[in-house]
Structures are given as structure tokens and as C-alpha cells.
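The structure appears right after this line, and notes come after that.
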Amino acid sequence: MKYGGVGDGIVDDTSAFQKAWENACKGSSKMGSVNVPAGKVFLLNSLHFTGPCLPKPLLFTIDGEMIAQSDPKKWEKGENGVIPWLIFDQVDGLVITGRGLLDGQGKSWWDIHCRDHPGPIMTFSNSQNVTLKGLMFRNSAQVHVLVMGSQNVNIDNVKITSPEASPNTDGVHITSSSAVSITHTDIATGDDCVSIGDQVNNLNVTFVNCGPGHGVSIGSLGRGGTEVAVENIRVWHVNFKGTTNGARIKTWPGGTGFVRGIEFFDIRFSSVQNPIIIDQFYGCAPNCTQTRKAVHIDKVRYMKMSGTSATKVAMKLNCSGESVPCSNLFMRDIDLSPADGIDSLSSVCSFVHGSAQGIIRPSSCL
């Protein structure tokens, strides 16, 4: 408000936010701060919050409501088309917290081709030591939160919602980043609750409620023959409810590189389609064939997983082929039963090497 913000949801307050950021980021105090007051609704177009900033940490408190421009005709465009909404770039030591709401007002975009959509509600790019805590995100035009090219990012106690039919509205997408955690968070969207792209390592997804949505997905990876490197991913204490997938790994035929060191532990499924799935022929149906080149999936552990499957094939491990099979897969204490309307469950596996211990229902291919 100090920089001319109105907060009536009608007047565009973009300039006030940009000025407040620049003052806080370039200030001389040991800790800078931006405060978005409760009881106000701020209409905003695209904002690029750029560092590096002098104060560490920099505290961005959001207790009010921030809404995106809902009319596609009024959205700012850059050289590569429509530009993202809120970007934090090259920032070290950022804490974003509060009890506020960020509303992407994406409904007007969902019937337009996704290449023309603005980017995520919030993007962290080339940043480190970032905390995002306590906020609510709603109705993004696409992904809600994007972490790219960043390290040491902690997302905690966040709530993300959009309609089940909304396209490409992933909850959190991570790419080219390390040491990222998502914990104590509720995600209900029209796409993946959490999607994990290429060049990601040391990711923890814990105590997350997912559904509706497409599950927690590693991939898709390897499109166009690209080389990928994804490792040390832990998905623990996650509840899936009514999702189209549960624990999923998906790669395109012809890619190279690896996905390894993956652990799914203490997972609950409630009427979930494809609770456990590896799909190494993503995007090629119905003309899928084995290829000599493939992303190598190695050292994946599935442990203490239970609940109900809404598809007859509860475990589908469809690996690339004899030349690059899935290797060192391990299962322990898997207990899946049919959801209402499903009479029995089965497992389908191809080119999988590994072992199993304890109760495995339906029976494992390992």
C-alpha cells in the first residue's frame, strides 16, 4: 500500500508490487521484507522479482489475496508469447509465507491451446535457500508452482487446488534442481500432484495428500532421444485418493540416461487407477516397439503400500526391452485390493529384474 497499491481487485497493482520488491531487495537493512496485507485483493499482471538481493533473508509475507489478470487479451506478451505470472529469479535466502491466496484465474485459459497459456502462478528460477510456507494456490492457467534451476527449496504446508478437468494444472513441477522438499501439503488438480522433470536429484515428497489428479510422476523423460539424469527421489507417507495414477515413472522410447535411487514408502491408495506403474513407452501408443536405446530405470523400491485399485491391473511395470531392462527393483509389503466395481486384481510386467519380500498382493512379477 505504501507504494500506491489499491487492493480492490479492480485496479492493476502490478507497479506497486514491483516497486516494493525493488526497495526491499536493494535495501541496506540486514533483512528486507514485503508485506501483502490481509483484507485486500490485488489484481496483478506479470511480475519478475529479480535478485540478487542484499538482505538475507528476504521475507515476503502474503496475508491478502493476489489474483491474476483473467482476460487473455489483457495479458502482457513477451518475445516468446505470453509470459509467466510471478517469477523469483536469482534470489538467495527467500522466505515466502502467510495465510493468503494466490488465484491464477485460469478458467479463461483452459479452452485455449496450452502453448498460449501464461506460465505457473509462482516460479523459482536459478535461486537457492528458498522457503514457501502456508499459502493457498488456486486455478492456475498451467502449473501452479515451478522449481527450475534451483537448490535448497522447501515447500511446506501449502494447499493447491484446481478442478479435476482443468488441463496441465500440475501442483508442483521440479526440473534441473536439487535438494528440494515438499511436505505436509494438500494437492488436488487436473494433472500431476507432483511432476519430476529432468536433471533432478535429492527430492523429498513427504506427508502429501494427492487427489484428484494424475498422481506423483517421475517424467515424462527422454522425449526426442534426450539424455536424462534423475536420482535420489523419496516419496514417503503419501495418500492418493481418486487419482488416475499413483506412483508413476514414465519415459519416452529412444531416450537415454537413467532414473535411479527411487523410493516409494508408506503409501495409501483409495480407489486409484494404476496405483503402481512404470511406462517406458509413454507417448507412442498404439505403435510401440522395443528400442535399443532407452532410459535405464534402476534401484526402485516400493515398500509398505496398501489400499484399493480402481483398475484390474494394479501393478503395471512395462519396461523398455531386453537391451535396457528395469533392474534392481524391490518390493516389500504391498497389499492392494479391488475398489468398488472391480472383481479382482493382477500384475503385468515386462523386462523387469528384481526381488520381493513379505506380502505382495496382487502377486508380484519380480
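Residue numbers start at 1 in each chain; chains themselves are named A, B, ... in the order of the C-alpha cells; ligands are numbered from 1 in the order shown.
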
Strand (DSSP E) call set, DSSP backbone run, segment 99-265 of chain A, as a ChimeraX atom specification: /A:101-103,122-125,128-133,136-138,145-148,151-156,159-161,172-175,177-188,194-196,200-210,216-221,227-241,247-251,256-265

So that I have them on file, write out the residues from the current selection with C-alpha atoms, as an mmCIF file, in the first residue's frame.
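And here's out_24.cif as it stands now:
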```
data_model
loop_
_atom_site.group_PDB
_atom_site.id
_atom_site.type_symbol
_atom_site.label_atom_id
_atom_site.label_comp_id
_atom_site.auth_asym_id
_atom_site.auth_seq_id
_atom_site.Cartn_x
_atom_site.Cartn_y
_atom_site.Cartn_z
ATOM 1 C CA LEU A 101 -4.390 -16.865 -1.502
ATOM 2 C CA LEU A 102 -2.874 -16.717 -4.977
ATOM 3 C CA ASP A 103 -5.566 -17.187 -7.623
ATOM 4 C CA MET A 122 4.822 -18.939 -8.986
ATOM 5 C CA THR A 123 8.234 -19.804 -10.431
ATOM 6 C CA PHE A 124 11.561 -20.140 -8.620
ATOM 7 C CA SER A 125 14.357 -19.861 -11.173
ATOM 8 C CA GLN A 128 18.678 -21.122 -3.628
ATOM 9 C CA ASN A 129 17.714 -21.371 0.030
ATOM 10 C CA VAL A 130 14.025 -20.719 -0.604
ATOM 11 C CA THR A 131 11.093 -21.466 1.726
ATOM 12 C CA LEU A 132 7.443 -21.400 0.626
ATOM 13 C CA LYS A 133 5.061 -21.960 3.523
ATOM 14 C CA MET A 136 -3.041 -21.373 -0.837
ATOM 15 C CA PHE A 137 -2.843 -21.609 -4.637
ATOM 16 C CA ARG A 138 -5.909 -21.890 -6.865
ATOM 17 C CA VAL A 145 4.402 -23.887 -8.635
ATOM 18 C CA LEU A 146 7.542 -24.418 -10.737
ATOM 19 C CA VAL A 147 11.031 -25.020 -9.336
ATOM 20 C CA MET A 148 13.733 -24.829 -12.005
ATOM 21 C CA GLN A 151 18.770 -25.637 -4.912
ATOM 22 C CA ASN A 152 17.586 -25.989 -1.326
ATOM 23 C CA VAL A 153 13.909 -25.230 -1.854
ATOM 24 C CA ASN A 154 11.443 -26.158 0.889
ATOM 25 C CA ILE A 155 7.671 -26.192 0.218
ATOM 26 C CA ASP A 156 5.722 -26.751 3.430
ATOM 27 C CA LYS A 159 -2.674 -26.087 -0.345
ATOM 28 C CA ILE A 160 -3.111 -26.272 -4.123
ATOM 29 C CA THR A 161 -6.484 -26.712 -5.859
ATOM 30 C CA VAL A 172 4.352 -28.640 -8.279
ATOM 31 C CA HIS A 173 6.797 -29.293 -11.123
ATOM 32 C CA ILE A 174 10.530 -29.631 -10.472
ATOM 33 C CA THR A 175 13.237 -29.582 -13.124
ATOM 34 C CA SER A 177 17.080 -28.726 -9.351
ATOM 35 C CA SER A 178 18.481 -30.404 -6.256
ATOM 36 C CA ALA A 179 17.730 -30.586 -2.529
ATOM 37 C CA VAL A 180 14.014 -29.858 -2.873
ATOM 38 C CA SER A 181 11.364 -30.894 -0.336
ATOM 39 C CA ILE A 182 7.564 -30.847 -0.478
ATOM 40 C CA THR A 183 5.956 -31.698 2.845
ATOM 41 C CA HIS A 184 2.627 -31.513 4.704
ATOM 42 C CA THR A 185 0.914 -30.288 1.551
ATOM 43 C CA ASP A 186 -2.533 -30.941 0.011
ATOM 44 C CA ILE A 187 -2.796 -31.010 -3.786
ATOM 45 C CA ALA A 188 -5.981 -31.517 -5.840
ATOM 46 C CA VAL A 194 3.908 -33.514 -8.228
ATOM 47 C CA SER A 195 5.771 -33.931 -11.524
ATOM 48 C CA ILE A 196 9.502 -34.510 -11.643
ATOM 49 C CA VAL A 200 16.544 -33.582 -10.582
ATOM 50 C CA ASN A 201 18.307 -35.150 -7.624
ATOM 51 C CA ASN A 202 17.739 -35.326 -3.871
ATOM 52 C CA LEU A 203 13.990 -34.667 -3.790
ATOM 53 C CA ASN A 204 11.727 -35.482 -0.828
ATOM 54 C CA VAL A 205 7.942 -35.638 -1.184
ATOM 55 C CA THR A 206 6.526 -36.433 2.264
ATOM 56 C CA PHE A 207 3.184 -36.230 4.067
ATOM 57 C CA VAL A 208 1.305 -35.166 0.952
ATOM 58 C CA ASN A 209 -2.392 -35.702 0.186
ATOM 59 C CA CYS A 210 -2.909 -36.094 -3.567
ATOM 60 C CA VAL A 216 3.175 -38.341 -8.353
ATOM 61 C CA SER A 217 5.019 -38.736 -11.645
ATOM 62 C CA ILE A 218 8.680 -39.033 -12.470
ATOM 63 C CA GLY A 219 8.647 -37.885 -16.069
ATOM 64 C CA SER A 220 7.857 -37.871 -18.759
ATOM 65 C CA LEU A 221 11.539 -38.125 -19.641
ATOM 66 C CA GLU A 227 19.710 -37.950 -22.207
ATOM 67 C CA VAL A 228 18.257 -37.718 -18.698
ATOM 68 C CA ALA A 229 19.592 -37.928 -15.148
ATOM 69 C CA VAL A 230 17.149 -38.275 -12.253
ATOM 70 C CA GLU A 231 18.165 -39.840 -8.936
ATOM 71 C CA ASN A 232 17.623 -39.977 -5.188
ATOM 72 C CA ILE A 233 13.874 -39.340 -5.128
ATOM 73 C CA ARG A 234 11.936 -40.229 -1.972
ATOM 74 C CA VAL A 235 8.128 -40.325 -1.906
ATOM 75 C CA TRP A 236 7.090 -41.165 1.668
ATOM 76 C CA HIS A 237 3.822 -41.013 3.635
ATOM 77 C CA VAL A 238 1.626 -40.023 0.691
ATOM 78 C CA ASN A 239 -2.143 -40.549 0.384
ATOM 79 C CA PHE A 240 -3.635 -40.893 -3.093
ATOM 80 C CA LYS A 241 -7.401 -40.501 -3.419
ATOM 81 C CA ALA A 247 3.403 -43.941 -8.021
ATOM 82 C CA ARG A 248 4.348 -43.434 -11.674
ATOM 83 C CA ILE A 249 7.549 -43.398 -13.741
ATOM 84 C CA LYS A 250 7.132 -42.549 -17.430
ATOM 85 C CA THR A 251 9.738 -42.292 -20.194
ATOM 86 C CA THR A 256 18.973 -42.336 -22.825
ATOM 87 C CA GLY A 257 20.428 -41.778 -19.362
ATOM 88 C CA PHE A 258 18.991 -43.008 -16.074
ATOM 89 C CA VAL A 259 16.326 -42.852 -13.406
ATOM 90 C CA ARG A 260 17.715 -44.458 -10.257
ATOM 91 C CA GLY A 261 17.574 -44.480 -6.496
ATOM 92 C CA ILE A 262 13.802 -44.039 -6.252
ATOM 93 C CA GLU A 263 11.868 -44.966 -3.101
ATOM 94 C CA PHE A 264 8.093 -45.112 -2.547
ATOM 95 C CA PHE A 265 7.358 -45.816 1.134
#
```

Which residues are near Leu58 of chain A? Cut-off 10 Å, only C-alpha atoms, ignore same chain within fewer than 6 positions. Put them as a PyMOL selection string. chain A and resi 21+24-25+30-34+91-96+130

Find the residues around segment 309-321 of chain A up to 9 Å (only C-alpha atoms counted), leave out those fewer than 2 positions away in its own chain, and share them as JSON, numbers by chain. {"A": [242, 244, 253, 269, 270, 271, 272, 273, 274, 275, 276, 277, 278, 279, 280, 281, 289, 290, 291, 292, 293, 294, 295, 296, 297, 307, 323, 324, 325, 326, 336, 337, 338, 339, 340, 341, 342, 343, 344, 345, 346, 347, 348, 349, 350, 351, 352, 362, 364, 365]}

For the residues in the current selection, export C-alpha atoms as a PDB file, in the first residue's frame.
```pdb
ATOM      1  CA  GLY A 242      -9.272 -40.973  -6.704  1.00  0.00           C
ATOM      2  CA  THR A 244      -5.644 -41.596 -12.380  1.00  0.00           C
ATOM      3  CA  PRO A 253      11.144 -44.618 -26.214  1.00  0.00           C
ATOM      4  CA  PHE A 269      -4.333 -45.661  -2.227  1.00  0.00           C
ATOM      5  CA  SER A 270      -8.085 -45.019  -2.204  1.00  0.00           C
ATOM      6  CA  SER A 271      -9.818 -46.013  -5.449  1.00  0.00           C
ATOM      7  CA  VAL A 272      -6.751 -45.170  -7.537  1.00  0.00           C
ATOM      8  CA  GLN A 273      -6.236 -46.155 -11.156  1.00  0.00           C
ATOM      9  CA  ASN A 274      -2.795 -47.624 -11.880  1.00  0.00           C
ATOM     10  CA  PRO A 275      -1.516 -47.485  -8.295  1.00  0.00           C
ATOM     11  CA  ILE A 276       1.973 -48.690  -9.270  1.00  0.00           C
ATOM     12  CA  ILE A 277       3.087 -48.041 -12.829  1.00  0.00           C
ATOM     13  CA  ILE A 278       6.245 -47.855 -14.913  1.00  0.00           C
ATOM     14  CA  ASP A 279       5.547 -46.849 -18.525  1.00  0.00           C
ATOM     15  CA  GLN A 280       8.611 -46.755 -20.758  1.00  0.00           C
ATOM     16  CA  PHE A 281       6.523 -46.417 -23.903  1.00  0.00           C
ATOM     17  CA  THR A 289       8.081 -51.176 -30.300  1.00  0.00           C
ATOM     18  CA  GLN A 290      11.165 -52.160 -28.345  1.00  0.00           C
ATOM     19  CA  THR A 291      14.183 -49.932 -28.878  1.00  0.00           C
ATOM     20  CA  ARG A 292      17.878 -50.488 -28.253  1.00  0.00           C
ATOM     21  CA  LYS A 293      18.124 -47.050 -26.689  1.00  0.00           C
ATOM     22  CA  ALA A 294      16.133 -46.361 -23.547  1.00  0.00           C
ATOM     23  CA  VAL A 295      16.270 -44.574 -20.229  1.00  0.00           C
ATOM     24  CA  HIS A 296      17.633 -47.075 -17.702  1.00  0.00           C
ATOM     25  CA  ILE A 297      15.415 -47.448 -14.635  1.00  0.00           C
ATOM     26  CA  GLY A 307      -5.293 -49.583  -0.418  1.00  0.00           C
ATOM     27  CA  SER A 323      18.689 -54.351 -24.150  1.00  0.00           C
ATOM     28  CA  VAL A 324      17.771 -51.927 -21.329  1.00  0.00           C
ATOM     29  CA  PRO A 325      15.517 -53.677 -18.789  1.00  0.00           C
ATOM     30  CA  CYS A 326      14.458 -52.223 -15.461  1.00  0.00           C
ATOM     31  CA  LEU A 336      -3.769 -53.863  -2.760  1.00  0.00           C
ATOM     32  CA  SER A 337      -7.421 -54.878  -3.014  1.00  0.00           C
ATOM     33  CA  PRO A 338     -10.142 -54.130  -5.607  1.00  0.00           C
ATOM     34  CA  ALA A 339     -12.105 -50.902  -5.359  1.00  0.00           C
ATOM     35  CA  ASP A 340     -15.876 -50.995  -5.730  1.00  0.00           C
ATOM     36  CA  GLY A 341     -16.839 -52.385  -9.138  1.00  0.00           C
ATOM     37  CA  ILE A 342     -13.560 -54.275  -9.657  1.00  0.00           C
ATOM     38  CA  ASP A 343     -13.771 -58.052  -9.113  1.00  0.00           C
ATOM     39  CA  SER A 344     -10.064 -58.953  -8.972  1.00  0.00           C
ATOM     40  CA  LEU A 345      -6.569 -57.541  -9.411  1.00  0.00           C
ATOM     41  CA  SER A 346      -3.494 -58.605 -11.344  1.00  0.00           C
ATOM     42  CA  SER A 347       0.058 -57.553 -12.124  1.00  0.00           C
ATOM     43  CA  VAL A 348       1.605 -57.131 -15.569  1.00  0.00           C
ATOM     44  CA  CYS A 349       5.373 -56.900 -16.027  1.00  0.00           C
ATOM     45  CA  SER A 350       7.798 -56.927 -18.926  1.00  0.00           C
ATOM     46  CA  PHE A 351      11.592 -56.870 -18.827  1.00  0.00           C
ATOM     47  CA  VAL A 352      11.844 -56.310 -15.079  1.00  0.00           C
ATOM     48  CA  PRO A 362      -1.620 -58.917  -6.210  1.00  0.00           C
ATOM     49  CA  SER A 364       4.417 -59.668  -7.976  1.00  0.00           C
ATOM     50  CA  CYS A 365       6.159 -60.364 -11.269  1.00  0.00           C
TER      51      CYS A 365
END
```

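Restricting the calculation to only C-alpha atoms, the smallest distance between Ile67 of chain A and any of A:Gln90, A:Thr14, A:Ser355, A:Thr50 is found for A:Thr14.
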
Near segment 1-6 of chain A, counting only C-alpha atoms, which residues have an atom at most 8 Å away, once you skip same-chain residues fewer than 6 positions from it, shown as a PyMOL selection string? chain A and resi 13+16-17+19-20+42

Just write the chosen residues, C-alpha atoms, as a compact mmCIF listing (two decimals), in the first residue's frame.
```
# COMPACT_ATOMS: atom_id res chain seq x y z
CA ASP A 13 -1.46 -3.10 -8.67
CA ALA A 16 3.20 -1.16 -6.61
CA PHE A 17 4.44 -4.73 -6.13
CA LYS A 19 8.42 -1.02 -6.50
CA ALA A 20 8.02 -2.72 -3.13
CA PHE A 42 -4.58 -7.22 -5.53
```

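The nearest approach to Ser29 of chain A among the residues A:Gly255, A:Gly104, A:Pro55, A:Gly222, with only C-alpha atoms taken into account, belongs to A:Pro55.
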
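Taking only C-alpha atoms, the non-local environment of Gln69 of chain A within 8 Å (same-chain residues fewer than 4 positions away omitted) comprises A:Leu43, A:Leu44, A:Asn45, A:Lys74, A:Trp75, A:Gly104, A:Gln105.
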
In Å to one decimal, how far is atom CA of Arg99 of chain A from atom CA of Cys53 of chain A? 24.3 Å

Which neighbours of Trp109 of chain A fall inside 8 Å, counting only C-alpha atoms, when residues of the same chain fewer than 5 positions from it are skipped, and could you give them as a PyMOL selection string? chain A and resi 72+114+117+141

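Considering the residues A:Lys107, A:Arg268, A:Arg115, A:Arg361 and counting only C-alpha atoms, Ser166 of chain A has its shortest atom-to-atom contact with A:Lys107.
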
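The shortest atom-to-atom distance to Glu65 of chain A, with only C-alpha atoms taken into account, belongs to A:Asp8 out of A:Asp198, A:Asp8, A:Asp170, A:Glu322.
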
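Going from atom CA of Gln18 of chain A over to atom CA of Met66 of chain A, you cover 13.6 Å.
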
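Candidate residues A:Ala165, A:Ile267, A:Cys288, A:Ile87 were compared for distance to Ser306 of chain A, and the nearest is A:Ile267, using only C-alpha atoms.
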
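From atom CA of Ser176 of chain A back to atom CA of Gly197 of chain A, the distance works out to 7.3 Å.
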